[in-house]
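Chemist: Below is one structure. I have some questions about it.
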Amino acid sequence: MGSSSTDLTAGSGALSLASLALAVPTGGASLIPAALSAGSTALGATSSILGGEGKASADTYQAEQLDRAAQYGDLKATQTNAQLTRNLSISLGNLDAVRAAAKTDPTSPTGAAVRNQIETTDTEKKNIQVDSIMAQSQEDEANAAYMRNSASNALLAGDIGAGAGILGKNGLGGLPGLSGGLGNSSIGNPTQIGALY
């Protein structure tokens, strides 16, 4: 096969990169590396963008899970508060009933102190439980906001990575020949396909 041949089949009839390089007339040999470089640049940019979108999707999903956990936490805190308030009322009602059955003076300072101590202790327990649930809920909300921001940053990073890959390949556009002159050409470089033909 000579440098001016147009036969694009190699021994077995399959088109190969080497046979394609041999089939290109002299002077057009640098087109194949240019096309390969452009394809590589495009694939690299696409990969960068898709990687950013994948990371953003994962972060968005995690943010949605955290939002649901925060909503469940708010609901749980409300329910816990209501339940413990009801339990406190029942306990105080039972205490008053026992004291009334024992025919103790309802205005007795000792009885009032016992009732007050039970009310204070149970109210503190209730507040500790509800505050703990609310703190976890608020942390989930903050983490969800962080993950949404991370998703946005992942998209931006993917776009910047794609742009950097395109612009950084050969200086201009990632395509040989766009930067001018023979300095970036494959002519005379035996490591590139078609350079010798």
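Ligands are numbered from 1 in the order shown, chains are lettered A, B, ... in the order of the structure tokens, and residues start at 1 in each chain.
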Name all residues at most 9 Å from A:Gly44 (count only C-alpha atoms; drop same-chain ones fewer than 3 positions away) and give them as a list in words.

Modeler: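 Once the nearby chain positions are removed, what remains is Gly39, Ser40, Thr41, Ser47, Ser48, Ile49, Gly161, Ala162, Gly165 and Ile166 of chain A.
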
Chemist: Using only C-alpha atoms, find the one residue out of A:Leu84, A:Ala102, A:Ala77, A:Ala34 that sits nearest to A:Glu124.

Modeler: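 Result for the nearest residue to A:Glu124: A:Leu84.
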
Chemist: I want to know what sits within 12 Å of A:Lys55, based on only C-alpha atoms, with residues of the same chain fewer than 6 positions away left out; could you give that as a ChimeraX atom specification?

Modeler: /A:48-49,61-62,147-158

Chemist: In Å, how far is it from atom CA of A:Asp96 to atom CA of A:Arg115?

Modeler: 8.2 Å

Chemist: Skip A:Asp131 itself and residues of its chain fewer than 4 positions away, then list as a VMD selection string all residues within 12 Å of it, counting only C-alpha atoms.

Modeler: chain A and resid 73 to 74 76 to 78 80 to 81 123 to 127 135 to 138

Chemist: If we count only C-alpha atoms and set the cut-off at 12 Å, which residues sit around A:Asp140, ignoring sequence neighbours fewer than 4 positions away in its own chain? Please answer as a PyMOL selection string.

Modeler: chain A and resi 62-74+133-136+144-147

Chemist: Keeping N, CA and C atoms, export the residues of the selection given above as a compact mmCIF listing (two decimals), in the first residue's frame.

Modeler:
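This is the output file again-v1.txt:
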# COMPACT_ATOMS: atom_id res chain seq x y z
N GLN A 62 -29.22 12.72 48.41
CA GLN A 62 -28.89 12.73 49.85
C GLN A 62 -29.56 13.91 50.54
N ALA A 63 -29.62 15.06 49.88
CA ALA A 63 -30.27 16.23 50.46
C ALA A 63 -31.76 15.97 50.67
N GLU A 64 -32.38 15.29 49.71
CA GLU A 64 -33.81 14.97 49.85
C GLU A 64 -34.04 14.00 51.00
N GLN A 65 -33.15 13.03 51.18
CA GLN A 65 -33.26 12.12 52.32
C GLN A 65 -33.15 12.88 53.64
N LEU A 66 -32.21 13.80 53.70
CA LEU A 66 -32.03 14.59 54.93
C LEU A 66 -33.22 15.49 55.19
N ASP A 67 -33.80 16.04 54.13
CA ASP A 67 -35.02 16.86 54.29
C ASP A 67 -36.15 16.02 54.88
N ARG A 68 -36.32 14.81 54.34
CA ARG A 68 -37.38 13.92 54.87
C ARG A 68 -37.10 13.57 56.33
N ALA A 69 -35.84 13.32 56.66
CA ALA A 69 -35.49 13.01 58.06
C ALA A 69 -35.78 14.20 58.96
N ALA A 70 -35.51 15.41 58.48
CA ALA A 70 -35.79 16.61 59.27
C ALA A 70 -37.29 16.79 59.47
N GLN A 71 -38.08 16.54 58.42
CA GLN A 71 -39.54 16.65 58.55
C GLN A 71 -40.07 15.60 59.54
N TYR A 72 -39.54 14.40 59.44
CA TYR A 72 -39.95 13.36 60.38
C TYR A 72 -39.54 13.74 61.80
N GLY A 73 -38.36 14.33 61.96
CA GLY A 73 -37.91 14.78 63.27
C GLY A 73 -38.82 15.84 63.87
N ASP A 74 -39.24 16.80 63.03
CA ASP A 74 -40.17 17.84 63.50
C ASP A 74 -41.48 17.21 63.98
N ILE A 133 -34.60 15.93 69.97
CA ILE A 133 -35.19 15.57 68.67
C ILE A 133 -35.13 16.77 67.72
N MET A 134 -35.44 17.95 68.24
CA MET A 134 -35.40 19.16 67.40
C MET A 134 -33.98 19.49 66.95
N ALA A 135 -33.00 19.27 67.81
CA ALA A 135 -31.60 19.53 67.44
C ALA A 135 -31.18 18.61 66.29
N GLN A 136 -31.58 17.36 66.35
CA GLN A 136 -31.25 16.42 65.27
C GLN A 136 -31.96 16.85 63.98
N ALA A 144 -28.85 18.97 54.74
CA ALA A 144 -29.55 18.98 53.45
C ALA A 144 -29.17 20.22 52.64
N ALA A 145 -29.11 21.36 53.30
CA ALA A 145 -28.71 22.59 52.63
C ALA A 145 -27.28 22.47 52.11
N TYR A 146 -26.40 21.88 52.90
CA TYR A 146 -25.01 21.67 52.48
C TYR A 146 -24.96 20.77 51.25
N MET A 147 -25.75 19.69 51.24
CA MET A 147 -25.72 18.76 50.12
C MET A 147 -26.29 19.41 48.85

Chemist: Between atom CA of A:Ile128 and atom CA of A:Arg86, what is the distance in Å, rounded to a tenth?

Modeler: 16.1 Å

Chemist: What is the atom CA of A:Gln83-atom CA of A:Leu95 distance in Å, reported with one decimal?

Modeler: 18.3 Å

Chemist: List every residue of stretch 53-182 of chain A that DSSP, applied to the backbone, labels as helix (DSSP H, G or I), and write the result as an MDAnalysis selection string.

Modeler: chainID A and resid 53:101 109:168

Chemist: Output the selection as a CSV table (one decimal), in the first residue's frame - C-alpha atoms for each residue.

Modeler:
chain,number,residue,atom,x,y,z
A,53,GLU,CA,-24.0,15.6,36.9
A,54,GLY,CA,-23.6,12.2,38.6
A,55,LYS,CA,-22.1,13.8,41.7
A,56,ALA,CA,-24.9,16.4,41.7
A,57,SER,CA,-27.6,13.8,41.4
A,58,ALA,CA,-26.1,11.8,44.3
A,59,ASP,CA,-25.8,15.0,46.5
A,60,THR,CA,-29.4,16.0,45.6
A,61,TYR,CA,-30.7,12.6,46.5
A,62,GLN,CA,-28.9,12.7,49.8
A,63,ALA,CA,-30.3,16.2,50.5
A,64,GLU,CA,-33.8,15.0,49.8
A,65,GLN,CA,-33.3,12.1,52.3
A,66,LEU,CA,-32.0,14.6,54.9
A,67,ASP,CA,-35.0,16.9,54.3
A,68,ARG,CA,-37.4,13.9,54.9
A,69,ALA,CA,-35.5,13.0,58.1
A,70,ALA,CA,-35.8,16.6,59.3
A,71,GLN,CA,-39.5,16.6,58.6
A,72,TYR,CA,-39.9,13.4,60.4
A,73,GLY,CA,-37.9,14.8,63.3
A,74,ASP,CA,-40.2,17.8,63.5
A,75,LEU,CA,-43.2,15.6,63.6
A,76,LYS,CA,-41.6,13.3,66.1
A,77,ALA,CA,-40.8,16.3,68.4
A,78,THR,CA,-44.4,17.6,68.2
A,79,GLN,CA,-45.8,14.1,69.0
A,80,THR,CA,-43.3,13.6,71.8
A,81,ASN,CA,-44.2,17.0,73.3
A,82,ALA,CA,-47.9,16.2,73.2
A,83,GLN,CA,-47.5,12.7,74.6
A,84,LEU,CA,-45.2,13.8,77.5
A,85,THR,CA,-47.5,16.8,78.3
A,86,ARG,CA,-50.5,14.4,78.5
A,87,ASN,CA,-48.5,12.0,80.7
A,88,LEU,CA,-47.5,14.9,83.0
A,89,SER,CA,-51.2,15.9,83.3
A,90,ILE,CA,-52.1,12.3,84.1
A,91,SER,CA,-49.4,12.0,86.7
A,92,LEU,CA,-50.4,15.2,88.4
A,93,GLY,CA,-54.1,14.2,88.3
A,94,ASN,CA,-53.3,10.9,89.9
A,95,LEU,CA,-51.2,12.6,92.6
A,96,ASP,CA,-54.2,15.0,93.3
A,97,ALA,CA,-56.6,12.0,93.4
A,98,VAL,CA,-54.4,10.0,95.9
A,99,ARG,CA,-54.0,13.1,98.1
A,100,ALA,CA,-57.8,13.7,98.0
A,101,ALA,CA,-58.5,10.0,98.8
A,109,PRO,CA,-47.3,23.4,101.7
A,110,THR,CA,-45.7,20.0,101.7
A,111,GLY,CA,-48.3,18.6,99.3
A,112,ALA,CA,-47.8,21.6,97.0
A,113,ALA,CA,-44.0,21.2,97.1
A,114,VAL,CA,-44.3,17.5,96.2
A,115,ARG,CA,-46.6,18.3,93.3
A,116,ASN,CA,-44.4,21.2,92.1
A,117,GLN,CA,-41.3,18.9,92.3
A,118,ILE,CA,-43.0,16.2,90.1
A,119,GLU,CA,-44.2,18.8,87.7
A,120,THR,CA,-40.7,20.4,87.4
A,121,THR,CA,-38.9,17.1,87.0
A,122,ASP,CA,-41.3,15.8,84.3
A,123,THR,CA,-41.3,19.1,82.4
A,124,GLU,CA,-37.5,19.0,82.3
A,125,LYS,CA,-37.5,15.5,81.0
A,126,LYS,CA,-40.0,16.4,78.4
A,127,ASN,CA,-38.0,19.5,77.3
A,128,ILE,CA,-34.8,17.5,77.1
A,129,GLN,CA,-36.3,14.8,74.9
A,130,VAL,CA,-38.1,17.4,72.6
A,131,ASP,CA,-35.0,19.6,72.4
A,132,SER,CA,-32.8,16.6,71.5
A,133,ILE,CA,-35.2,15.6,68.7
A,134,MET,CA,-35.4,19.2,67.4
A,135,ALA,CA,-31.6,19.5,67.4
A,136,GLN,CA,-31.3,16.4,65.3
A,137,SER,CA,-33.9,17.7,62.9
A,138,GLN,CA,-32.2,21.1,62.6
A,139,GLU,CA,-28.9,19.3,61.9
A,140,ASP,CA,-30.6,17.3,59.2
A,141,GLU,CA,-31.9,20.5,57.6
A,142,ALA,CA,-28.4,22.1,57.7
A,143,ASN,CA,-26.9,19.0,56.2
A,144,ALA,CA,-29.6,19.0,53.4
A,145,ALA,CA,-28.7,22.6,52.6
A,146,TYR,CA,-25.0,21.7,52.5
A,147,MET,CA,-25.7,18.8,50.1
A,148,ARG,CA,-27.8,21.0,47.8
A,149,ASN,CA,-24.9,23.4,47.7
A,150,SER,CA,-22.5,20.6,47.1
A,151,ALA,CA,-24.7,19.4,44.1
A,152,SER,CA,-24.6,22.9,42.7
A,153,ASN,CA,-20.8,23.0,43.1
A,154,ALA,CA,-20.4,19.6,41.4
A,155,LEU,CA,-22.3,20.8,38.3
A,156,LEU,CA,-20.1,23.9,38.2
A,157,ALA,CA,-16.9,21.8,38.7
A,158,GLY,CA,-17.9,19.5,35.9
A,159,ASP,CA,-18.5,22.4,33.5
A,160,ILE,CA,-15.2,24.1,34.5
A,161,GLY,CA,-13.4,20.8,34.1
A,162,ALA,CA,-14.8,20.4,30.6
A,163,GLY,CA,-13.8,23.9,29.7
A,164,ALA,CA,-10.3,23.5,31.1
A,165,GLY,CA,-9.9,20.2,29.2
A,166,ILE,CA,-10.9,21.8,26.0
A,167,LEU,CA,-8.8,24.9,26.4
A,168,GLY,CA,-5.9,23.3,28.0
